[in-house]
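**Student:** Starting off with a structure, shown below.
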Amino acid sequence: MDAKTGKLKELIDLRKQAKLGGGQKRIDAQHTKGKYTARERIKMLLDEGSFEELDMFVVHRSHNFGLEKEKYLGDGVVTGSGSIDGRLVYVFAQDFTVFGGSLSETMAQKICKVMDMAMKMGAPVIGINDSGGARIQEGVTSLAGYAEIFERNILASGVVPQISAIFGPCAGGAVYSPALTDFIMMTEQNSYMFVTGPKVVKSVTGEIITTEDLGGAAVHSSKSGVSHFKVATEEEGINKIRELLAYLPQNNLEEAPIVECSDPISRSDDFLNEIVPENPNKPYDMKEIIKGIVDYGKFVEIHADYAKNIIVGFARFNGVSTGIVANQPNFLAGVLDCDASRKAARFVRFCDAFNIPLLTLVDVPGFLPGSAQEYAGIIVHGAKLMFAYGEATVPKITVTIRKSYGGAHDVMSCKQLRGDLNYAWPSAEIAVMGAAGAIEVLEGREIANIDDPEERAKFVEEKENEYKQKFANPYQAASYGYIDDVIEPRNTRFRVIRSFQTLQTKKLSNPLKKHSNIPL
């Protein structure tokens, strides 16, 4: 064998070695748990044959606790670039078969390299997390590595989309990188996130809790709101990432892809004229309205299991990617509370950062009252949503479906928060509060002076009807120009698409500043 052939054989052998990660035995153990390896995940995620790997031959440089005797090519993370539907993305996938995917100094450097390249090229970053945390043998260099990654997450925020998939453990300092990204996805059974695990919790607080109940996918998708998506399998999660990216631009200087649409602009659904009940206190499903007006009825919901009183997600109107925020009368009457306000504010700011137009569908009776909400900071959380809408410069269309009461009316993309076009259905009620509450305030003393119950009831009914006649409609707001037009429900799709078309050339900028100080 000549020297040249020998060198080629060495390269081929080293590549084979690198692709085995921690070895076949550990790969088999990963499969036994129902999990894929880092390379298998990347292969499923990217277009076939598009992956270009970087730093395959990197190894750790630690000499502590005998670690120098055990080295693996790639050092626990697979990094590189590829394409999804022909569009460039950068990706890193932690390899649990190598030291449990624990983060070393060199592993952090590999991750930082692809994040830096993503920023230079203006392409999304996808991180697949499956790690036991910091590599304890490396001490502070591992912690410094985390901080290097965090800083890049922060600088990339609002510049390129960042998506995190949690396909295994993610604990301690490791949780903060996903938390800084735009979207987090978790798999049922196999994934968890927490700052401190069950053993530490028990030793410090005495609380006995399981890993799943402390930081599983169900908890973070419904209670904490940390995870935007809960998926049953890794395959489902990877498909969801690909679907989500189709609605997003490559970076903050580009527009989202426009797809060809054969769903007619003028398509009208008569059921929309009947969907809002005559009884204003009766619920209906806002998702039916959304599906009735978007292209092909397709809606990608974000945070589906968290703060269900508000709906956020992506759809298309005549092929154009659009963010939708909508109150959900089917859950807590669509009221705004702390969680709903934060959920919607975060989504509005994402859409504004990445040039995605916003459609807001309003049916909100107000903010949720009570000491629990006040103590939790409903004032500040509600202000976050108001701030997000007021700051946003993308095209904004608002359609008031039914109730729009009090401060919640202002918060939900009203005209004074620079809503571009504000429409209302004939069923819209725009007022400070509902008739019953308003009459109690306005006529409370008069009502108290009426002794006869029948006469009192008649008086209240008359005053409520008078109030409804004046405010339980969209026309007073329209008379001031706060509502641009009252539209027939069945024509909503046509009016929304036409309006977004007219807003394509919108130019609006905020005052020059270092950055705003949103009420966190």
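The way I read the labels, and the way they are meant: chains A, B, ... in the order of the structure tokens, residue 1 as the first residue of every chain, and ligand 1 as the first ligand shown, with later ones counted on from there.
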Hey, what's within 10 Å of Leu520 in chain A if we count only C-alpha atoms and toss same-chain stuff fewer than 2 positions away? As a list in words, please?
**Tutor:**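 Contacts, with the query itself left out: Arg342, Val380, His381, Ala383, Lys384, Asn517 and Ile518 of chain A.
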**Student:** Can you write out the residues you just picked, keeping N, CA and C atoms, as an mmCIF file, in the first residue's frame?
**Tutor:**
```cif
data_model
loop_
_atom_site.group_PDB
_atom_site.id
_atom_site.type_symbol
_atom_site.label_atom_id
_atom_site.label_comp_id
_atom_site.auth_asym_id
_atom_site.auth_seq_id
_atom_site.Cartn_x
_atom_site.Cartn_y
_atom_site.Cartn_z
ATOM 1 N N ARG A 342 -48.833 37.200 28.213
ATOM 2 C CA ARG A 342 -47.418 36.899 27.925
ATOM 3 C C ARG A 342 -47.293 36.087 26.639
ATOM 4 N N VAL A 380 -48.658 44.351 34.753
ATOM 5 C CA VAL A 380 -47.429 44.332 33.955
ATOM 6 C C VAL A 380 -47.554 43.386 32.771
ATOM 7 N N HIS A 381 -48.181 42.217 32.985
ATOM 8 C CA HIS A 381 -48.308 41.247 31.891
ATOM 9 C C HIS A 381 -49.221 41.787 30.787
ATOM 10 N N ALA A 383 -49.588 44.882 30.141
ATOM 11 C CA ALA A 383 -48.808 45.949 29.499
ATOM 12 C C ALA A 383 -47.834 45.385 28.466
ATOM 13 N N LYS A 384 -47.370 44.144 28.676
ATOM 14 C CA LYS A 384 -46.463 43.519 27.706
ATOM 15 C C LYS A 384 -47.152 43.370 26.349
ATOM 16 N N ASN A 517 -37.599 49.378 26.639
ATOM 17 C CA ASN A 517 -37.590 48.753 27.960
ATOM 18 C C ASN A 517 -38.975 48.186 28.234
ATOM 19 N N ILE A 518 -39.272 47.068 27.555
ATOM 20 C CA ILE A 518 -40.581 46.439 27.696
ATOM 21 C C ILE A 518 -40.813 46.050 29.162
#
```
**Student:** Report as JSON, numbers by chain all protein, DNA and RNA residues lying within 9 Å of range 314-321 of chain A, evaluated on only C-alpha atoms, omitting residues in the same chain fewer than 5 positions from it.
**Tutor:** {"A": [244, 246, 247, 248, 255, 256, 257, 258, 259, 260, 261, 262, 263, 264, 265, 290, 293, 294, 295, 296, 297, 298, 299, 300, 301, 302, 356, 357, 493, 496, 497, 500]}
**Student:** Got a sec: who's within 7 Å of range 144-154 of chain A, counting only C-alpha atoms, leaving out chain neighbours fewer than 4 positions off, as a PDB file with N, CA and C atoms, in the first residue's frame?
**Tutor:**
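What follows is the written file around_4.pdb:
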```pdb
ATOM      1  N   GLU A 105     -15.779  22.204  26.726  1.00  0.00           N
ATOM      2  CA  GLU A 105     -15.303  23.448  26.118  1.00  0.00           C
ATOM      3  C   GLU A 105     -15.306  23.342  24.596  1.00  0.00           C
ATOM      4  N   ALA A 108     -18.823  23.237  23.055  1.00  0.00           N
ATOM      5  CA  ALA A 108     -19.399  24.586  23.008  1.00  0.00           C
ATOM      6  C   ALA A 108     -18.840  25.366  21.828  1.00  0.00           C
ATOM      7  N   CYS A 112     -20.932  27.150  18.903  1.00  0.00           N
ATOM      8  CA  CYS A 112     -20.767  28.583  18.649  1.00  0.00           C
ATOM      9  C   CYS A 112     -20.363  28.849  17.196  1.00  0.00           C
ATOM     10  N   MET A 115     -23.406  28.746  15.006  1.00  0.00           N
ATOM     11  CA  MET A 115     -24.263  29.904  15.290  1.00  0.00           C
ATOM     12  C   MET A 115     -23.675  31.174  14.686  1.00  0.00           C
ATOM     13  N   VAL A 140     -15.082  24.839  35.256  1.00  0.00           N
ATOM     14  CA  VAL A 140     -15.504  26.165  34.824  1.00  0.00           C
ATOM     15  C   VAL A 140     -15.442  26.355  33.310  1.00  0.00           C
ATOM     16  N   SER A 177     -30.212  27.952  27.072  1.00  0.00           N
ATOM     17  CA  SER A 177     -30.062  28.179  25.634  1.00  0.00           C
ATOM     18  C   SER A 177     -31.400  27.995  24.914  1.00  0.00           C
ATOM     19  N   LEU A 180     -33.790  30.865  25.449  1.00  0.00           N
ATOM     20  CA  LEU A 180     -33.487  32.101  24.736  1.00  0.00           C
ATOM     21  C   LEU A 180     -33.881  32.042  23.265  1.00  0.00           C
ATOM     22  N   THR A 181     -34.276  30.871  22.794  1.00  0.00           N
ATOM     23  CA  THR A 181     -34.627  30.721  21.373  1.00  0.00           C
ATOM     24  C   THR A 181     -36.104  31.029  21.153  1.00  0.00           C
TER      25      THR A 181
END
```
**Student:** A:Leu253, A:Ala353, A:Leu503, A:Ala217: which is nearest Ser157 in chain A, counting only C-alpha atoms?
**Tutor:**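 Counting only C-alpha atoms, the residue closest to Ser157 in chain A is A:Ala353.
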**Student:** Using only C-alpha atoms, which residues sit within 10 Å of Leu67 in chain A once same-chain residues fewer than 6 positions away are excluded, as number ranges by chain?
**Tutor:** A: 60-61, 137-138
**Student:** Enumerate the residues of range 85-216 of chain A with a DSSP assignment of helix (DSSP H, G or I), computed from the backbone, and present them as a ChimeraX atom specification.
**Tutor:** /A:99-101,105-121,136-138,140-156,172-180,198-205,211-215
**Student:** Tell me which protein, DNA and RNA residues are within 8 Å of range 93-99 of chain A, counting only C-alpha atoms, leaving out same-chain ones fewer than 3 positions away, and put them as a ChimeraX atom specification.
**Tutor:** /A:21-23,26-27,30,37-39,41-42,72,75-79,102,127-132,135
**Student:** Where does DSSP see strand (DSSP E) in range 151-356 of chain A, if you list the residues as a compact mmCIF listing (two decimals) with C-alpha atoms, in the first residue's frame?
**Tutor:**
```
# COMPACT_ATOMS: atom_id res chain seq x y z
CA GLN A 162 -33.87 29.91 16.42
CA ILE A 163 -35.65 26.62 17.10
CA SER A 164 -34.85 24.16 19.90
CA ALA A 165 -35.91 20.51 19.92
CA ILE A 166 -35.65 18.79 23.31
CA PRO A 169 -32.67 15.42 29.08
CA CYS A 170 -31.99 19.16 29.33
CA ALA A 171 -31.18 20.25 32.86
CA PHE A 183 -39.57 28.08 19.68
CA ILE A 184 -39.11 25.03 21.90
CA MET A 185 -40.39 21.54 21.16
CA MET A 186 -40.49 18.58 23.57
CA THR A 187 -41.24 14.91 23.08
CA TYR A 192 -37.53 16.91 30.31
CA MET A 193 -36.30 20.37 31.30
CA PHE A 194 -35.62 21.79 34.74
CA PHE A 229 -44.99 22.22 21.03
CA LYS A 230 -45.56 18.81 22.61
CA VAL A 231 -45.09 15.90 20.22
CA VAL A 300 -50.29 25.96 12.61
CA GLU A 301 -51.05 26.69 16.24
CA ILE A 302 -48.30 27.69 18.68
CA ILE A 310 -55.91 33.08 23.54
CA ILE A 311 -54.87 31.48 20.24
CA VAL A 312 -51.65 32.26 18.37
CA GLY A 313 -50.18 30.67 15.28
CA PHE A 314 -49.35 30.89 11.59
CA ALA A 315 -51.51 30.65 8.50
CA ARG A 316 -51.45 32.01 4.97
CA PHE A 317 -53.66 34.48 3.16
CA VAL A 320 -48.59 35.07 2.29
CA SER A 321 -47.42 33.94 5.73
CA THR A 322 -49.39 35.69 8.49
CA GLY A 323 -49.38 35.59 12.28
CA ILE A 324 -52.79 35.27 13.92
CA VAL A 325 -53.72 36.29 17.47
CA ALA A 326 -57.28 35.54 18.54
CA ASN A 327 -59.27 35.43 21.76
```
**Student:** Counting only C-alpha atoms, what is within 12 Å of Arg495 in chain A, bar same-chain residues fewer than 4 positions away, as an NGL selection string?
**Tutor:** :A and (265-268 or 293-294 or 317-318 or 359 or 397-399 or 421-425 or 484-491 or 499-502)
**Student:** When distances are computed from only C-alpha atoms, which of A:Glu52, A:Glu274, A:Glu454, A:Glu243 shows the smallest separation from Asp85 in chain A?
**Tutor:**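 Checking each of A:Glu52, A:Glu274, A:Glu454, A:Glu243 against Asp85 in chain A, counting only C-alpha atoms, the winner is A:Glu243.
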**Student:** Could you please determine the separation between CA of Glu391 in chain A and CA of Ser479 in chain A in Å, to one decimal place?
**Tutor:**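 Separating CA of Glu391 in chain A from CA of Ser479 in chain A is a distance of 26.3 Å.
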